[in-house]
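Reproduced below: target-v3.cif, with mmCIF, N, CA, C and O atoms.
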```
data_final
#
loop_
_atom_site.label_atom_id
_atom_site.label_comp_id
_atom_site.auth_asym_id
_atom_site.auth_seq_id
_atom_site.Cartn_x
_atom_site.Cartn_y
_atom_site.Cartn_z
N MET T 1 134.36 223.95 259.67
CA MET T 1 133.93 224.39 260.98
C MET T 1 133.45 223.17 261.76
O MET T 1 132.68 222.37 261.27
N TYR T 2 133.88 223.08 263.01
CA TYR T 2 133.49 221.97 263.86
C TYR T 2 132.30 222.35 264.72
O TYR T 2 132.26 223.42 265.28
N LYS T 3 131.34 221.45 264.79
CA LYS T 3 130.20 221.64 265.67
C LYS T 3 130.41 220.72 266.86
O LYS T 3 130.53 219.51 266.69
N ILE T 4 130.49 221.30 268.04
CA ILE T 4 130.70 220.49 269.24
C ILE T 4 129.35 220.35 269.92
O ILE T 4 128.78 221.33 270.40
N ASP T 5 128.85 219.14 269.97
CA ASP T 5 127.56 218.91 270.59
C ASP T 5 127.67 217.87 271.69
O ASP T 5 126.73 217.16 271.99
N ARG T 6 128.85 217.80 272.29
CA ARG T 6 129.05 216.85 273.38
C ARG T 6 130.11 217.37 274.33
O ARG T 6 130.81 218.33 274.03
N TYR T 7 130.21 216.72 275.44
CA TYR T 7 131.20 217.10 276.45
C TYR T 7 132.58 216.68 275.98
O TYR T 7 132.77 215.58 275.47
N ILE T 8 133.55 217.56 276.17
CA ILE T 8 134.93 217.24 275.83
C ILE T 8 135.75 217.36 277.10
O ILE T 8 135.75 218.40 277.75
N ASP T 9 136.43 216.29 277.44
CA ASP T 9 137.28 216.29 278.61
C ASP T 9 138.44 217.26 278.39
O ASP T 9 139.11 217.21 277.37
N GLY T 10 138.66 218.14 279.34
CA GLY T 10 139.73 219.12 279.24
C GLY T 10 141.11 218.49 279.17
O GLY T 10 142.08 219.15 278.82
N LYS T 11 141.21 217.22 279.50
CA LYS T 11 142.50 216.53 279.45
C LYS T 11 142.77 215.93 278.07
O LYS T 11 143.84 215.37 277.84
N TYR T 12 141.81 216.06 277.17
CA TYR T 12 141.95 215.50 275.82
C TYR T 12 143.19 216.07 275.13
O TYR T 12 143.42 217.27 275.14
N LYS T 13 143.99 215.19 274.53
CA LYS T 13 145.22 215.62 273.87
C LYS T 13 145.33 215.07 272.45
O LYS T 13 146.42 214.79 271.99
N GLY T 14 144.19 214.97 271.79
CA GLY T 14 144.20 214.44 270.43
C GLY T 14 144.98 215.32 269.47
O GLY T 14 145.19 216.51 269.70
N ASN T 15 145.41 214.70 268.39
CA ASN T 15 146.16 215.42 267.36
C ASN T 15 145.19 215.92 266.30
O ASN T 15 145.21 215.48 265.15
N ASP T 16 144.32 216.84 266.71
CA ASP T 16 143.30 217.40 265.84
C ASP T 16 142.96 218.81 266.35
O ASP T 16 143.52 219.24 267.36
N PRO T 17 142.08 219.53 265.66
CA PRO T 17 141.77 220.91 266.10
C PRO T 17 141.25 220.99 267.54
O PRO T 17 141.57 221.94 268.26
N ILE T 18 140.46 220.02 267.97
CA ILE T 18 139.96 220.05 269.34
C ILE T 18 141.11 219.80 270.33
O ILE T 18 141.20 220.46 271.36
N GLY T 19 142.00 218.91 270.00
CA GLY T 19 143.17 218.69 270.83
C GLY T 19 144.04 219.94 270.92
O GLY T 19 144.56 220.26 271.99
N ASP T 20 144.18 220.64 269.79
CA ASP T 20 144.94 221.90 269.80
C ASP T 20 144.27 222.93 270.71
O ASP T 20 144.94 223.66 271.44
N LEU T 21 142.94 223.00 270.65
CA LEU T 21 142.21 223.95 271.49
C LEU T 21 142.39 223.61 272.97
O LEU T 21 142.64 224.50 273.79
N MET T 22 142.29 222.33 273.31
CA MET T 22 142.50 221.92 274.70
C MET T 22 143.92 222.27 275.14
O MET T 22 144.14 222.71 276.27
N HIS T 23 144.87 222.09 274.25
CA HIS T 23 146.26 222.47 274.54
C HIS T 23 146.34 223.95 274.88
O HIS T 23 146.93 224.36 275.89
N ASP T 24 145.72 224.78 274.02
CA ASP T 24 145.77 226.23 274.21
C ASP T 24 145.09 226.65 275.52
O ASP T 24 145.55 227.58 276.18
N PHE T 25 144.01 225.98 275.89
CA PHE T 25 143.31 226.33 277.13
C PHE T 25 144.19 226.10 278.36
O PHE T 25 143.97 226.70 279.39
N HIS T 26 145.16 225.21 278.24
CA HIS T 26 146.03 224.91 279.37
C HIS T 26 147.34 225.71 279.36
O HIS T 26 148.14 225.59 280.29
N CYS T 27 147.57 226.48 278.33
CA CYS T 27 148.80 227.26 278.24
C CYS T 27 148.76 228.45 279.18
O CYS T 27 147.76 229.14 279.27
N LYS T 28 149.88 228.69 279.85
CA LYS T 28 149.98 229.85 280.72
C LYS T 28 150.49 231.06 279.94
O LYS T 28 150.23 232.19 280.31
N LYS T 29 151.21 230.81 278.87
CA LYS T 29 151.77 231.90 278.06
C LYS T 29 151.15 231.88 276.67
O LYS T 29 151.04 230.83 276.04
N ALA T 30 150.80 233.05 276.18
CA ALA T 30 150.22 233.16 274.85
C ALA T 30 151.19 232.66 273.78
O ALA T 30 150.77 232.09 272.77
N ASP T 31 152.49 232.82 274.01
CA ASP T 31 153.49 232.38 273.03
C ASP T 31 153.49 230.87 272.83
O ASP T 31 153.96 230.38 271.81
N ASP T 32 152.95 230.12 273.79
CA ASP T 32 152.92 228.66 273.69
C ASP T 32 151.67 228.14 272.99
O ASP T 32 151.55 226.94 272.74
N MET T 33 150.74 229.02 272.67
CA MET T 33 149.47 228.61 272.06
C MET T 33 149.62 228.36 270.57
O MET T 33 150.44 229.00 269.91
N LYS T 34 148.80 227.46 270.05
CA LYS T 34 148.81 227.13 268.64
C LYS T 34 147.88 228.04 267.83
O LYS T 34 148.18 228.40 266.71
N ASN T 35 146.74 228.39 268.41
CA ASN T 35 145.76 229.23 267.73
C ASN T 35 146.17 230.69 267.90
O ASN T 35 146.14 231.23 269.01
N LYS T 36 146.53 231.32 266.82
CA LYS T 36 147.05 232.69 266.88
C LYS T 36 146.00 233.71 267.33
O LYS T 36 146.33 234.66 268.04
N ILE T 37 144.74 233.51 266.95
CA ILE T 37 143.68 234.43 267.36
C ILE T 37 143.47 234.34 268.87
O ILE T 37 143.40 235.35 269.57
N LEU T 38 143.40 233.12 269.39
CA LEU T 38 143.25 232.92 270.83
C LEU T 38 144.47 233.45 271.58
O LEU T 38 144.35 234.08 272.63
N ALA T 39 145.66 233.22 271.01
CA ALA T 39 146.90 233.69 271.63
C ALA T 39 146.91 235.21 271.72
O ALA T 39 147.28 235.78 272.75
N GLU T 40 146.47 235.86 270.65
CA GLU T 40 146.45 237.33 270.65
C GLU T 40 145.51 237.87 271.71
O GLU T 40 145.83 238.83 272.42
N ARG T 41 144.34 237.25 271.83
CA ARG T 41 143.36 237.70 272.85
C ARG T 41 143.90 237.44 274.25
O ARG T 41 143.78 238.29 275.14
N ALA T 42 144.49 236.27 274.47
CA ALA T 42 145.06 235.96 275.78
C ALA T 42 146.18 236.94 276.12
O ALA T 42 146.29 237.41 277.26
N ARG T 43 147.00 237.25 275.15
CA ARG T 43 148.11 238.19 275.35
C ARG T 43 147.55 239.56 275.77
O ARG T 43 148.05 240.19 276.70
N TYR T 44 146.50 240.00 275.09
CA TYR T 44 145.87 241.29 275.42
C TYR T 44 145.34 241.28 276.85
O TYR T 44 145.59 242.22 277.62
N LEU T 45 144.62 240.22 277.21
CA LEU T 45 143.98 240.17 278.53
C LEU T 45 144.97 239.93 279.67
O LEU T 45 144.69 240.26 280.82
N LYS T 46 146.13 239.36 279.36
CA LYS T 46 147.10 239.06 280.41
C LYS T 46 148.29 240.01 280.46
O LYS T 46 148.91 240.18 281.51
N GLU T 47 148.63 240.62 279.33
CA GLU T 47 149.88 241.38 279.26
C GLU T 47 149.70 242.86 278.96
O GLU T 47 150.59 243.66 279.24
N ASN T 48 148.58 243.25 278.40
CA ASN T 48 148.32 244.65 278.06
C ASN T 48 147.59 245.31 279.23
O ASN T 48 146.63 244.75 279.76
N GLU T 49 148.01 246.49 279.62
CA GLU T 49 147.41 247.15 280.79
C GLU T 49 145.90 247.33 280.63
O GLU T 49 145.14 247.07 281.56
N LYS T 50 145.46 247.76 279.44
CA LYS T 50 144.02 247.92 279.21
C LYS T 50 143.31 246.57 279.30
O LYS T 50 142.21 246.48 279.85
N GLY T 51 143.92 245.55 278.73
CA GLY T 51 143.33 244.21 278.77
C GLY T 51 143.23 243.67 280.18
O GLY T 51 142.22 243.07 280.57
N VAL T 52 144.28 243.87 280.96
CA VAL T 52 144.29 243.41 282.36
C VAL T 52 143.20 244.13 283.14
O VAL T 52 142.45 243.51 283.91
N ASN T 53 143.08 245.44 282.94
CA ASN T 53 142.03 246.20 283.62
C ASN T 53 140.64 245.71 283.21
O ASN T 53 139.74 245.61 284.04
N HIS T 54 140.48 245.42 281.93
CA HIS T 54 139.20 244.90 281.43
C HIS T 54 138.88 243.57 282.10
O HIS T 54 137.76 243.35 282.57
N MET T 55 139.85 242.68 282.18
CA MET T 55 139.65 241.37 282.80
C MET T 55 139.34 241.53 284.29
O MET T 55 138.48 240.82 284.83
N CYS T 56 140.00 242.47 284.95
CA CYS T 56 139.73 242.71 286.38
C CYS T 56 138.28 243.15 286.59
O CYS T 56 137.61 242.68 287.51
N ARG T 57 137.79 244.04 285.72
CA ARG T 57 136.40 244.49 285.82
C ARG T 57 135.44 243.32 285.62
O ARG T 57 134.43 243.20 286.33
N ILE T 58 135.74 242.47 284.65
CA ILE T 58 134.89 241.30 284.40
C ILE T 58 134.85 240.41 285.63
O ILE T 58 133.78 239.95 286.05
N MET T 59 136.00 240.15 286.23
CA MET T 59 136.06 239.29 287.41
C MET T 59 135.36 239.93 288.61
O MET T 59 134.70 239.24 289.38
N GLU T 60 135.50 241.24 288.77
CA GLU T 60 134.79 241.93 289.85
C GLU T 60 133.28 241.83 289.66
O GLU T 60 132.55 241.58 290.62
N ASP T 61 132.82 242.02 288.43
CA ASP T 61 131.38 241.89 288.14
C ASP T 61 130.90 240.47 288.41
O ASP T 61 129.82 240.26 288.96
N PHE T 62 131.71 239.50 288.02
CA PHE T 62 131.37 238.09 288.24
C PHE T 62 131.25 237.81 289.74
O PHE T 62 130.30 237.18 290.19
N ALA T 63 132.21 238.29 290.52
CA ALA T 63 132.20 238.07 291.97
C ALA T 63 130.98 238.74 292.60
O ALA T 63 130.33 238.17 293.49
N LYS T 64 130.65 239.95 292.14
CA LYS T 64 129.50 240.67 292.65
C LYS T 64 128.21 239.89 292.37
O LYS T 64 127.33 239.78 293.23
N GLU T 65 128.12 239.36 291.18
CA GLU T 65 126.94 238.58 290.78
C GLU T 65 126.82 237.32 291.64
O GLU T 65 125.72 236.96 292.08
N GLU T 66 127.94 236.66 291.88
CA GLU T 66 127.94 235.45 292.71
C GLU T 66 127.50 235.77 294.14
O GLU T 66 126.73 235.04 294.75
N ARG T 67 128.00 236.89 294.69
CA ARG T 67 127.60 237.29 296.04
C ARG T 67 126.11 237.57 296.11
O ARG T 67 125.43 237.20 297.07
N LYS T 68 125.58 238.24 295.09
CA LYS T 68 124.15 238.56 295.07
C LYS T 68 123.31 237.28 295.01
O LYS T 68 122.32 237.15 295.73
N GLU T 69 123.76 236.31 294.20
CA GLU T 69 123.03 235.04 294.12
C GLU T 69 123.05 234.33 295.48
O GLU T 69 122.05 233.77 295.90
N ARG T 70 124.19 234.36 296.16
CA ARG T 70 124.30 233.75 297.49
C ARG T 70 123.40 234.47 298.48
O ARG T 70 122.73 233.83 299.29
N ASP T 71 123.37 235.81 298.41
CA ASP T 71 122.49 236.59 299.29
C ASP T 71 121.03 236.20 299.08
O ASP T 71 120.27 236.06 300.04
N ILE T 72 120.65 236.02 297.83
CA ILE T 72 119.26 235.65 297.51
C ILE T 72 118.95 234.26 298.05
O ILE T 72 117.87 234.02 298.59
N GLU T 73 119.91 233.34 297.96
CA GLU T 73 119.70 231.99 298.52
C GLU T 73 119.50 232.05 300.03
O GLU T 73 118.60 231.40 300.57
N VAL T 74 120.33 232.82 300.71
CA VAL T 74 120.22 232.95 302.16
C VAL T 74 118.90 233.63 302.52
O VAL T 74 118.20 233.19 303.44
N ALA T 75 118.56 234.70 301.81
CA ALA T 75 117.31 235.41 302.06
C ALA T 75 116.11 234.48 301.87
O ALA T 75 115.15 234.51 302.66
N THR T 76 116.18 233.63 300.87
CA THR T 76 115.10 232.67 300.62
C THR T 76 114.95 231.73 301.80
O THR T 76 113.83 231.48 302.28
N LYS T 77 116.06 231.22 302.31
CA LYS T 77 116.00 230.29 303.47
C LYS T 77 115.44 230.99 304.71
O LYS T 77 114.66 230.40 305.46
N ILE T 78 115.83 232.23 304.91
CA ILE T 78 115.34 232.98 306.07
C ILE T 78 113.83 233.19 305.96
O ILE T 78 113.10 232.99 306.94
N LEU T 79 113.36 233.56 304.78
CA LEU T 79 111.92 233.76 304.60
C LEU T 79 111.16 232.45 304.67
O LEU T 79 110.04 232.41 305.19
N GLU T 80 111.75 231.37 304.17
CA GLU T 80 111.11 230.04 304.26
C GLU T 80 110.84 229.67 305.71
O GLU T 80 109.79 229.13 306.04
N LYS T 81 111.80 229.95 306.56
CA LYS T 81 111.68 229.60 307.98
C LYS T 81 110.88 230.62 308.77
O LYS T 81 110.60 230.41 309.95
N GLY T 82 110.56 231.73 308.14
CA GLY T 82 109.79 232.77 308.83
C GLY T 82 110.56 233.44 309.95
O GLY T 82 109.97 233.91 310.92
N GLU T 83 111.86 233.47 309.83
CA GLU T 83 112.71 234.01 310.90
C GLU T 83 112.82 235.53 310.89
O GLU T 83 113.32 236.11 311.85
N MET T 84 112.37 236.17 309.81
CA MET T 84 112.53 237.61 309.69
C MET T 84 111.46 238.14 308.74
O MET T 84 111.01 237.43 307.84
N SER T 85 111.10 239.39 308.91
CA SER T 85 110.10 239.98 308.03
C SER T 85 110.69 240.23 306.64
O SER T 85 111.91 240.36 306.49
N GLU T 86 109.81 240.32 305.66
CA GLU T 86 110.24 240.60 304.28
C GLU T 86 111.00 241.92 304.21
O GLU T 86 112.03 242.02 303.54
N GLU T 87 110.47 242.93 304.91
CA GLU T 87 111.11 244.24 304.87
C GLU T 87 112.52 244.20 305.45
O GLU T 87 113.43 244.82 304.91
N ARG T 88 112.69 243.46 306.53
CA ARG T 88 114.01 243.37 307.16
C ARG T 88 114.98 242.61 306.25
O ARG T 88 116.14 243.02 306.09
N VAL T 89 114.52 241.53 305.63
CA VAL T 89 115.35 240.76 304.70
C VAL T 89 115.74 241.63 303.52
O VAL T 89 116.89 241.67 303.09
N LYS T 90 114.78 242.36 303.00
CA LYS T 90 115.02 243.27 301.87
C LYS T 90 116.09 244.30 302.22
O LYS T 90 117.00 244.56 301.44
N GLU T 91 115.98 244.85 303.42
CA GLU T 91 116.92 245.86 303.88
C GLU T 91 118.32 245.27 304.09
O GLU T 91 119.32 245.82 303.63
N LEU T 92 118.39 244.14 304.79
CA LEU T 92 119.69 243.54 305.11
C LEU T 92 120.46 243.07 303.88
O LEU T 92 121.68 243.20 303.81
N PHE T 93 119.73 242.52 302.90
CA PHE T 93 120.38 241.97 301.72
C PHE T 93 120.35 242.92 300.53
O PHE T 93 120.76 242.56 299.43
N ASN T 94 119.82 244.13 300.76
CA ASN T 94 119.76 245.14 299.70
C ASN T 94 119.07 244.59 298.45
O ASN T 94 119.61 244.67 297.34
N LEU T 95 117.89 244.03 298.64
CA LEU T 95 117.14 243.41 297.55
C LEU T 95 116.10 244.38 297.00
O LEU T 95 115.62 245.26 297.70
N THR T 96 115.77 244.18 295.74
CA THR T 96 114.74 245.00 295.10
C THR T 96 113.37 244.38 295.36
O THR T 96 113.27 243.21 295.77
N ASP T 97 112.33 245.14 295.08
CA ASP T 97 110.97 244.60 295.20
C ASP T 97 110.79 243.40 294.28
O ASP T 97 110.15 242.42 294.65
N LYS T 98 111.37 243.48 293.10
CA LYS T 98 111.26 242.39 292.13
C LYS T 98 111.93 241.12 292.67
O LYS T 98 111.40 240.02 292.53
N GLN T 99 113.08 241.27 293.31
CA GLN T 99 113.78 240.11 293.88
C GLN T 99 112.98 239.51 295.03
O GLN T 99 112.87 238.29 295.13
N ILE T 100 112.42 240.35 295.89
CA ILE T 100 111.60 239.87 297.00
C ILE T 100 110.38 239.13 296.46
O ILE T 100 110.01 238.06 296.96
N LYS T 101 109.77 239.67 295.42
CA LYS T 101 108.59 239.03 294.82
C LYS T 101 108.96 237.64 294.28
O LYS T 101 108.22 236.67 294.49
N ALA T 102 110.11 237.53 293.63
CA ALA T 102 110.56 236.24 293.10
C ALA T 102 110.84 235.26 294.23
O ALA T 102 110.51 234.07 294.12
N ILE T 103 111.43 235.75 295.31
CA ILE T 103 111.72 234.88 296.46
C ILE T 103 110.41 234.39 297.07
O ILE T 103 110.26 233.20 297.37
N LYS T 104 109.45 235.31 297.25
CA LYS T 104 108.15 234.92 297.82
C LYS T 104 107.46 233.87 296.95
O LYS T 104 106.86 232.92 297.47
N LYS T 105 107.55 234.03 295.66
CA LYS T 105 106.95 233.07 294.73
C LYS T 105 107.61 231.69 294.90
O LYS T 105 106.94 230.67 294.94
N LYS T 106 108.94 231.70 295.01
CA LYS T 106 109.68 230.45 295.18
C LYS T 106 109.33 229.79 296.51
O LYS T 106 109.12 228.58 296.58
N VAL T 107 109.25 230.59 297.58
CA VAL T 107 108.90 230.07 298.89
C VAL T 107 107.50 229.47 298.87
O VAL T 107 107.26 228.42 299.45
N ALA T 108 106.57 230.13 298.18
CA ALA T 108 105.20 229.63 298.09
C ALA T 108 105.16 228.28 297.37
O ALA T 108 104.41 227.39 297.76
N VAL T 109 105.96 228.12 296.35
CA VAL T 109 106.02 226.86 295.59
C VAL T 109 106.59 225.75 296.47
O VAL T 109 106.13 224.60 296.44
N LEU T 110 107.58 226.09 297.27
CA LEU T 110 108.23 225.10 298.13
C LEU T 110 107.37 224.70 299.32
O LEU T 110 107.58 223.63 299.89
N ALA T 111 106.44 225.56 299.69
CA ALA T 111 105.60 225.30 300.88
C ALA T 111 104.57 224.22 300.64
O ALA T 111 104.23 223.82 299.61
#
```

Kindly transcribe the structure held in the file into C-alpha coordinates.
Amino acid sequence: MYKIDRYIDGKYKGNDPIGDLMHDFHCKKADDMKNKILAERARYLKENEKGVNHMCRIMEDFAKEERKERDIEVATKILEKGEMSEERVKELFNLTDKQIKAIKKKVAVLA
(Lines of atoms letter the chains of each structure in order from A and count residues from 1; the text may use other names and numbers.)
(Lines give C-alpha, C1' and ligand atoms only; values in the text may rest on other atoms or scores of the structure.)
Protein backbone atom coordinates (compact mmCIF):
# COMPACT_ATOMS: atom_id res chain seq x y z
CA MET A 1 0.00 0.00 0.00
CA TYR A 2 1.32 3.42 -0.95
CA LYS A 3 1.08 6.35 1.42
CA ILE A 4 0.96 9.63 -0.46
CA ASP A 5 2.06 12.48 1.75
CA ARG A 6 3.04 14.98 -0.90
CA TYR A 7 1.74 16.78 -3.93
CA ILE A 8 1.74 14.79 -7.15
CA ASP A 9 1.66 16.62 -10.44
CA GLY A 10 -1.25 15.38 -12.51
CA LYS A 11 1.06 15.31 -15.52
CA TYR A 12 3.25 12.65 -13.89
CA LYS A 13 3.73 9.68 -16.22
CA GLY A 14 6.02 7.41 -14.24
CA ASN A 15 6.09 3.69 -14.84
CA ASP A 16 4.78 2.83 -11.37
CA PRO A 17 1.42 2.58 -9.55
CA ILE A 18 1.18 6.36 -9.13
CA GLY A 19 1.90 6.86 -12.82
CA ASP A 20 -0.81 4.31 -13.64
CA LEU A 21 -3.26 6.20 -11.41
CA MET A 22 -2.43 9.52 -13.10
CA HIS A 23 -2.96 7.79 -16.44
CA ASP A 24 -6.38 6.55 -15.33
CA PHE A 25 -7.41 10.00 -14.06
CA HIS A 26 -6.88 11.36 -17.57
CA CYS A 27 -8.76 8.61 -19.40
CA LYS A 28 -12.06 9.54 -20.99
CA LYS A 29 -13.12 5.93 -21.43
CA ALA A 30 -13.21 3.31 -18.69
CA ASP A 31 -11.92 0.73 -21.19
CA ASP A 32 -8.63 2.65 -21.42
CA MET A 33 -7.98 2.54 -17.66
CA LYS A 34 -5.43 0.25 -16.07
CA ASN A 35 -7.04 -0.03 -12.63
CA LYS A 36 -10.04 -2.32 -13.03
CA ILE A 37 -11.78 -1.14 -9.83
CA LEU A 38 -11.51 2.51 -10.86
CA ALA A 39 -12.57 1.60 -14.41
CA GLU A 40 -15.66 -0.20 -13.13
CA ARG A 41 -16.69 2.78 -10.99
CA ALA A 42 -16.07 5.23 -13.84
CA ARG A 43 -18.08 3.03 -16.19
CA TYR A 44 -20.98 2.99 -13.70
CA LEU A 45 -20.93 6.77 -13.20
CA LYS A 46 -20.57 7.58 -16.91
CA GLU A 47 -22.43 4.81 -18.74
CA ASN A 48 -25.07 3.36 -16.41
CA GLU A 49 -28.33 5.33 -16.17
CA LYS A 50 -28.46 5.00 -12.37
CA GLY A 51 -24.81 6.00 -12.10
CA VAL A 52 -25.27 9.02 -14.36
CA ASN A 53 -28.28 10.13 -12.32
CA HIS A 54 -26.27 9.67 -9.12
CA MET A 55 -23.41 11.78 -10.51
CA CYS A 56 -25.87 14.47 -11.65
CA ARG A 57 -27.30 14.71 -8.12
CA ILE A 58 -23.80 15.00 -6.68
CA MET A 59 -22.93 17.80 -9.10
CA GLU A 60 -26.21 19.61 -8.41
CA ASP A 61 -25.53 19.42 -4.66
CA PHE A 62 -21.99 20.66 -5.22
CA ALA A 63 -23.24 23.62 -7.30
CA LYS A 64 -25.87 24.44 -4.67
CA GLU A 65 -23.22 24.41 -1.94
CA GLU A 66 -20.94 26.67 -3.99
CA ARG A 67 -23.77 29.15 -4.58
CA LYS A 68 -24.59 29.22 -0.87
CA GLU A 69 -20.93 29.88 0.00
CA ARG A 70 -20.86 32.73 -2.54
CA ASP A 71 -24.11 34.14 -1.09
CA ILE A 72 -22.57 34.09 2.39
CA GLU A 73 -19.46 35.91 1.11
CA VAL A 74 -21.60 38.61 -0.51
CA ALA A 75 -23.83 38.87 2.57
CA THR A 76 -20.72 39.28 4.73
CA LYS A 77 -19.46 42.15 2.55
CA ILE A 78 -22.85 43.86 2.64
CA LEU A 79 -23.03 43.63 6.43
CA GLU A 80 -19.40 44.77 6.77
CA LYS A 81 -20.23 47.94 4.87
CA GLY A 82 -23.47 48.43 6.78
CA GLU A 83 -25.38 48.77 3.53
CA MET A 84 -28.37 46.69 4.64
CA SER A 85 -30.00 45.43 7.81
CA GLU A 86 -29.33 41.91 9.07
CA GLU A 87 -32.98 41.00 8.59
CA ARG A 88 -32.97 42.16 4.97
CA VAL A 89 -29.71 40.30 4.22
CA LYS A 90 -31.13 37.19 5.88
CA GLU A 91 -34.28 37.44 3.78
CA LEU A 92 -32.55 38.18 0.46
CA PHE A 93 -29.96 35.42 0.78
CA ASN A 94 -32.25 32.94 2.52
CA LEU A 95 -29.86 32.57 5.44
CA THR A 96 -30.49 30.84 8.75
CA ASP A 97 -30.08 32.48 12.15
CA LYS A 98 -26.97 30.35 12.64
CA GLN A 99 -25.45 31.62 9.37
CA ILE A 100 -26.23 35.25 10.26
CA LYS A 101 -24.65 34.74 13.69
CA ALA A 102 -21.49 33.33 12.08
CA ILE A 103 -21.35 36.25 9.63
CA LYS A 104 -21.78 38.77 12.46
CA LYS A 105 -18.98 37.09 14.39
CA LYS A 106 -16.71 37.24 11.34
CA VAL A 107 -17.58 40.90 10.70
CA ALA A 108 -16.83 41.73 14.35
CA VAL A 109 -13.40 40.08 14.07
CA LEU A 110 -12.63 42.00 10.87
CA ALA A 111 -13.69 45.33 12.38

| task | Identify, with DSSP run on backbone atoms, the residues in chain T assigned to helix (DSSP H, G or I), and express the list as a PyMOL selection string. | result | chain T and resi 17-25+30-32+36-47+49-81+86-93+97-110

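One distance worth recording is that between atom N of Tyr12 in chain T and atom C of Lys34 in chain T, which is 16.4 Å.
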
| query | How far is it from atom N of Val107 in chain T to atom N of Ala63 in chain T, in Å with one decimal? | reply |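 Pair atom N of Val107 in chain T / atom N of Ala63 in chain T returns 25.2 Å.
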
| atom N of Ile78 in chain T to atom C of Met59 in chain T: how many Å, to one decimal? |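 Going from atom N of Ile78 in chain T over to atom C of Met59 in chain T, I get 26.6 Å.
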
| task | Counting all atoms listed in the file, figure out which residue out of T:Ala75, T:Arg67, T:Asp24, T:Ala39 gets nearest to Lys90 in chain T. | result |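 Going through T:Ala75, T:Arg67, T:Asp24, T:Ala39 one by one, the smallest distance to Lys90 in chain T is for T:Ala75.
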